[in-house]
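Here the structure is laid out as C-alpha cells; the discussion comes afterwards.
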Amino acid sequence: MNGFSKWPQEEYSRHAIAVIAGEVLRRADQLSDFTPQGLAHLVNGFSKWPDETGCGEAIVAIAGEVLRRAGHAERLSGFTSQGLANL
C-alpha cells in the first residue's frame, strides 16, 4: 500500500487502494488474524489516502480491533514500539 502512495495520480493506484480498503472492511470480523505489524502497515498506508473511498472506514475498523486487543488491561503488548508509532 505504501508503494501505491508514490503514484497517487495513477488511476490504478487509487483503485487498488479502494479495493484493499473494501477487502479490509469485508474481513472486519477477521482482523484478529492480522499481526500487529500488519495492522500498523495497513493504517499507515490508508492514512496516505484520506479522500479515497473506504480508507477512513478501514482505519476505523482497524481502530476497533486495536481497542479489542487492548481489552480491559488497556495494554498493547503485542505491538512493538515501531508498530505503535506507525499506528
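Letters A, B, ... go to the chains of the C-alpha cells in the order shown; residues in each chain start at 1; ligands are counted from 1 in the same order.
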
Spatial neighbours of segment 58-64 of chain A, max dist 12 Å, only C-alpha atoms, sep filter under 3 positions, as a PyMOL selection string: chain A and resi 17-36+38-50+52-55+67-71+84+87

Please return as a count of residues only: the residues of segment 8-50 of chain A that backbone DSSP assigns to helix (DSSP H, G or I). 34

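Pairwise distance (atom CA of Ala85 of chain A, atom CA of Asn2 of chain A) equals 15.7 Å.
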
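Among the candidates A:Ser13, A:Pro8, A:Gly3, A:Gln37, the one nearest to Ser81 of chain A when counting only C-alpha atoms is A:Gln37.
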